[in-house]
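Asker: Sending over a structure as structure tokens; questions will come in a sec.
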Amino acid sequence: MYHRRMIFRAAAACGLFASPAKAFMRPLERIVVSSDKRGFETEMGVKRFIPWGFNYDHDEAGRLIEDYWHDQWSSVVEDFQEIRDLGANVVRVHLQFGKFMESKERPNRKNLDQLSKLVELAEATGLYLNITGLGCYHKQDVPAWYDLLDEKSRWEAQASFWRAVAGECRSSNAIFCYDIMNEPVVPGGRRKAGDWLGPGFGDKYFVQMITLDQEKRPRFEIARAWCEQMTKEIRTVDGRHLITLGLVDWSLDRPGLTSGFIPEKTCHLLDFLSVHIYPEKAKKGEALKTLSGFQMGKPVVIEETFSLKCGAQQWREFVESSKRDASGWFGFYWGKTLGELKDTKSIRDAILLEWLNEFQKGSPK
């Protein structure tokens with residue numbers, strides 16, 4: 001393992017992965033929704049495609065990819081190869097708004113160029129990308145001017161982000177999909193000025209509001225209008241790739257907590273539905289019932305899942321049972337290989353090692 005990592009580090013340092021190294025990988029085919037609308041297939045309809053991937057959302061130190069992809073590119077190269085070795089075929093990367101937009105209309109050219117480099121690396125490694133955008137995970141990275149925008153102006157700024165990002169990625173078959181936003185919420189009532197983020201999870205903020213004032217509008221109408229504007233902007237520059245939205249599992253129209261993004265009200269704007277489900281010990285039935293609620297005649301992908309609230313074996317049993325309603329699954333990879341996890345005595349690493357072993361068993365390849 002050590003020697004392989006050194007070889008990849010040296011190759012990256014020499015610029016081997018600055019452009020697609022296609023000599024050892026067949027060109028990727030674009031992924032489309034299958035003809036039966038239950039899953040995915042390659043563009044020519046020859047091969048079924050089962051998304052089985054990782055959220056590459058941060059490294060071991062909690063840094064987001066934009067924090068190190070300029071100065072430590074070799075680490076990204078190594079991680080992508082390790083992700084491939086673990087049996088994954090898709091990587092979900094999370095892009096923060098503040099790292100890609102310098103103003104409401106002006107994108108950050110340096111980071112767009114690095115995104116293009118990442119797409120080339122995906123092509124070279126034989127991996128597809130789920131490009132998730134508009135993140136505000138680290139508060140210190142959120143521009144002050146962005147939080148001061150009203151709803152209309154904020155949506156326009158978000159549309160500018162997607163025009164820039166989709167425009168950069170449109171020609172590559174390595175793009176599995178664009179995920180408009182991670183865990184958006186339409187709040188009920190009114191929030192104070194600038195209060196766009198949900199509760200923090202550690203030092204990160206995963207839930208984001210798309211308005212601060214419901215006014216007299218039904219929440220689902222706000223969600224639908226926002227989805228319509230974002231998908232339209234993506235389609236102005238890229239009509240080829242799939243579009244989805246990373247929904248919390250409490251998005252269903254049920255009594256109690258709901259995000260406002262009711263699947264049946266917005267699914268017509270999306271190519272497939274994505275839901276985040278972390279099964280709980282002894283509550284597998286509830287998780288499966290929630291998953292079935294997202295069945296809208298389109299593929300459903302469990303875009304985030306992990307043994308956070310159950311054991312690795314119980315998580316695996318949930319995945320097997322979910323195959324009736326789900327067409328793809330995404331776990332998490334944080335930069336440590338199986339060998340490195342085995343060499344530590346950390347309880348956290350032991351849990352992750354057990355989970356990764358279960359993940360490998362389910363690889364569709």
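So you can find residues: chains in the structure tokens are A, B, ... in the order shown, residues in each start at 1, and ligands are numbered from 1 in order.
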I'd like to know which residues of range 100-195 of chain A are strand (DSSP E) (by DSSP, run on the backbone); could you write them as a ChimeraX atom specification?

Answerer: /A:128-135,175-182,184-185

Asker: Which residues are near range 345-348 of chain A? Cut-off 12 Å, only C-alpha atoms, ignore same chain within fewer than 4 positions. Put them as a PyMOL selection string.

Answerer: chain A and resi 60+307-308+334+336+340-341+352-355

Asker: I need the residues of range 87-312 of chain A that end up classed as alpha helix (DSSP H) by DSSP on the backbone, written out as a PyMOL selection string.

Answerer: chain A and resi 97-100+109-125+144-147+151-169+219-237+263-266+284-292+312

Asker: Using the selection just defined, write its residues with C-alpha atoms as a short mmCIF file (atom, residue, chain, number, x, y, z; two decimals), in the first residue's frame.

Answerer:
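New file selection-v1.cif:
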```
data_model
loop_
_atom_site.label_atom_id
_atom_site.label_comp_id
_atom_site.auth_asym_id
_atom_site.auth_seq_id
_atom_site.Cartn_x
_atom_site.Cartn_y
_atom_site.Cartn_z
CA PHE A 97 -20.95 28.96 -3.07
CA GLY A 98 -18.39 31.32 -1.54
CA LYS A 99 -15.47 29.50 -3.14
CA PHE A 100 -16.93 29.77 -6.63
CA ARG A 109 -11.99 31.48 -12.37
CA LYS A 110 -9.23 29.81 -10.36
CA ASN A 111 -11.61 27.36 -8.68
CA LEU A 112 -13.54 26.71 -11.89
CA ASP A 113 -10.24 25.71 -13.50
CA GLN A 114 -9.55 23.39 -10.58
CA LEU A 115 -13.01 21.88 -10.98
CA SER A 116 -12.17 21.14 -14.61
CA LYS A 117 -9.00 19.44 -13.40
CA LEU A 118 -11.09 17.34 -11.01
CA VAL A 119 -13.38 16.31 -13.87
CA GLU A 120 -10.33 15.22 -15.87
CA LEU A 121 -9.10 13.21 -12.89
CA ALA A 122 -12.50 11.49 -12.66
CA GLU A 123 -12.29 10.59 -16.35
CA ALA A 124 -8.79 9.23 -15.87
CA THR A 125 -9.74 7.19 -12.82
CA ALA A 144 -21.05 38.69 3.97
CA TRP A 145 -22.61 40.22 0.85
CA TYR A 146 -24.30 36.89 0.03
CA ASP A 147 -26.12 36.70 3.36
CA GLU A 151 -34.62 36.20 -1.68
CA LYS A 152 -34.82 37.28 -5.33
CA SER A 153 -31.19 38.41 -5.47
CA ARG A 154 -29.96 35.33 -3.63
CA TRP A 155 -31.72 33.05 -6.09
CA GLU A 156 -30.18 35.03 -8.97
CA ALA A 157 -26.72 34.60 -7.42
CA GLN A 158 -27.33 30.88 -7.04
CA ALA A 159 -28.42 30.70 -10.67
CA SER A 160 -25.14 32.40 -11.65
CA PHE A 161 -23.24 29.75 -9.69
CA TRP A 162 -24.96 26.96 -11.60
CA ARG A 163 -24.47 28.59 -14.99
CA ALA A 164 -20.74 28.78 -14.28
CA VAL A 165 -20.35 25.28 -12.84
CA ALA A 166 -22.54 23.47 -15.37
CA GLY A 167 -20.89 25.42 -18.17
CA GLU A 168 -17.53 24.12 -16.99
CA CYS A 169 -18.67 20.48 -16.77
CA ARG A 219 -44.11 26.22 1.33
CA PHE A 220 -44.15 23.71 -1.51
CA GLU A 221 -44.81 26.52 -4.01
CA ILE A 222 -41.64 28.31 -2.87
CA ALA A 223 -39.69 25.05 -3.18
CA ARG A 224 -41.08 24.41 -6.65
CA ALA A 225 -40.35 27.94 -7.89
CA TRP A 226 -36.77 27.74 -6.64
CA CYS A 227 -36.22 24.31 -8.21
CA GLU A 228 -37.67 25.55 -11.47
CA GLN A 229 -35.31 28.53 -11.59
CA MET A 230 -32.20 26.48 -10.77
CA THR A 231 -32.95 23.67 -13.22
CA LYS A 232 -33.75 26.19 -15.95
CA GLU A 233 -30.40 27.92 -15.47
CA ILE A 234 -28.51 24.63 -15.60
CA ARG A 235 -30.36 23.65 -18.76
CA THR A 236 -29.42 26.90 -20.49
CA VAL A 237 -25.81 25.66 -20.59
CA PRO A 263 -41.42 15.07 -3.56
CA GLU A 264 -44.67 14.90 -5.54
CA LYS A 265 -44.64 18.70 -5.92
CA THR A 266 -41.11 19.00 -7.30
CA LYS A 284 -35.17 -0.53 9.84
CA GLY A 285 -38.86 -0.77 9.03
CA GLU A 286 -39.37 2.95 9.59
CA ALA A 287 -36.45 3.81 7.32
CA LEU A 288 -37.78 1.55 4.58
CA LYS A 289 -41.26 3.07 4.91
CA THR A 290 -39.76 6.54 4.53
CA LEU A 291 -37.85 5.42 1.46
CA SER A 292 -41.01 4.05 -0.14
CA ALA A 312 -22.33 -1.98 10.14
#
```

Asker: Hey, can you check how far CA of Ile243 in chain A sits from CA of Ile65 in chain A?

Answerer: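 One can read the CA of Ile243 in chain A to CA of Ile65 in chain A distance as 21.8 Å.
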
Asker: List the spatial neighbours of Thr305 in chain A as a count of residues only - criterion: any atom at most 7 Å away, only C-alpha atoms, same-chain residues fewer than 4 positions off excluded.

Answerer: 5

Asker: Quick one, how far is CA of Thr211 in chain A from CA of Leu64 in chain A?

Answerer: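 Between these atoms lies a distance of 25.4 Å.
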
Asker: Wanna dump the range 144-259 of chain A-range 78-94 of chain A contacts at 10 Å for me, each residue with its shortest atom pair and the distance in Å to one decimal, counting only C-alpha atoms, ordered by chain and number, as JSON lines?

Answerer:
```
{"residue": "A:Ala174", "atom": "CA", "partner": "A:Val90", "partner_atom": "CA", "distance": 9.1}
{"residue": "A:Ile175", "atom": "CA", "partner": "A:Val90", "partner_atom": "CA", "distance": 9.1}
{"residue": "A:Phe176", "atom": "CA", "partner": "A:Val90", "partner_atom": "CA", "distance": 7.5}
{"residue": "A:Cys177", "atom": "CA", "partner": "A:Arg92", "partner_atom": "CA", "distance": 9.3}
{"residue": "A:Tyr178", "atom": "CA", "partner": "A:Arg92", "partner_atom": "CA", "distance": 9.6}
{"residue": "A:Asp179", "atom": "CA", "partner": "A:Arg92", "partner_atom": "CA", "distance": 9.1}
{"residue": "A:Met181", "atom": "CA", "partner": "A:His94", "partner_atom": "CA", "distance": 9.1}
{"residue": "A:Asn182", "atom": "CA", "partner": "A:His94", "partner_atom": "CA", "distance": 8.4}
```

Asker: Quick one: write out the picked residues with C-alpha atoms as a JSON list (two decimals), in the first residue's frame?

Answerer:
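Okay, selection.json is ready:
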```
[["chain", "number", "residue", "atom", "x", "y", "z"],
["A", 174, "ALA", "CA", -17.83, 11.83, -16.17],
["A", 175, "ILE", "CA", -20.67, 13.94, -14.76],
["A", 176, "PHE", "CA", -23.26, 11.61, -13.28],
["A", 177, "CYS", "CA", -25.46, 14.45, -12.07],
["A", 178, "TYR", "CA", -25.81, 17.94, -10.68],
["A", 179, "ASP", "CA", -27.31, 18.08, -7.20],
["A", 181, "MET", "CA", -28.27, 21.90, -3.12],
["A", 182, "ASN", "CA", -27.64, 19.74, -0.10]]
```

Asker: Using only C-alpha atoms, can you tell me which of A:Thr132, A:Asn357, A:Ser259, A:Thr344 comes closest to Gly246 in chain A?

Answerer: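 Closest to Gly246 in chain A, using only C-alpha atoms: A:Thr132.
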
Asker: Would you tabulate, counting only C-alpha atoms, all residues of range 247-332 of chain A that have an atom at most 10 Å from an atom of range 41-53 of chain A, showing the closest pair of atoms and their distance in Å to one decimal, sorted by chain then ascending number, as JSON lines?

Answerer:
```
{"residue": "A:Val301", "atom": "CA", "partner": "A:Pro51", "partner_atom": "CA", "distance": 7.9}
{"residue": "A:Ile302", "atom": "CA", "partner": "A:Pro51", "partner_atom": "CA", "distance": 9.6}
{"residue": "A:Glu303", "atom": "CA", "partner": "A:Gly53", "partner_atom": "CA", "distance": 8.7}
{"residue": "A:Glu304", "atom": "CA", "partner": "A:Gly53", "partner_atom": "CA", "distance": 9.6}
{"residue": "A:Ala326", "atom": "CA", "partner": "A:Ile50", "partner_atom": "CA", "distance": 9.9}
{"residue": "A:Ser327", "atom": "CA", "partner": "A:Ile50", "partner_atom": "CA", "distance": 6.4}
{"residue": "A:Gly328", "atom": "CA", "partner": "A:Pro51", "partner_atom": "CA", "distance": 4.5}
{"residue": "A:Trp329", "atom": "CA", "partner": "A:Trp52", "partner_atom": "CA", "distance": 5.1}
{"residue": "A:Phe330", "atom": "CA", "partner": "A:Gly53", "partner_atom": "CA", "distance": 4.6}
{"residue": "A:Gly331", "atom": "CA", "partner": "A:Gly53", "partner_atom": "CA", "distance": 6.3}
{"residue": "A:Phe332", "atom": "CA", "partner": "A:Gly53", "partner_atom": "CA", "distance": 7.9}
```

Asker: Could you tell me how far CA of Gln314 in chain A sits from CA of Lys281 in chain A, in Å to one decimal place?

Answerer: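 For CA of Lys281 in chain A relative to CA of Gln314 in chain A, the distance reads 7.2 Å.
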
Asker: Taking 5 positions as the minimum chain separation for residues in the same chain, which residues sit within 8 Å of Arg190 in chain A when counting only C-alpha atoms? Answer as a PyMOL selection string.

Answerer: chain A and resi 212-215
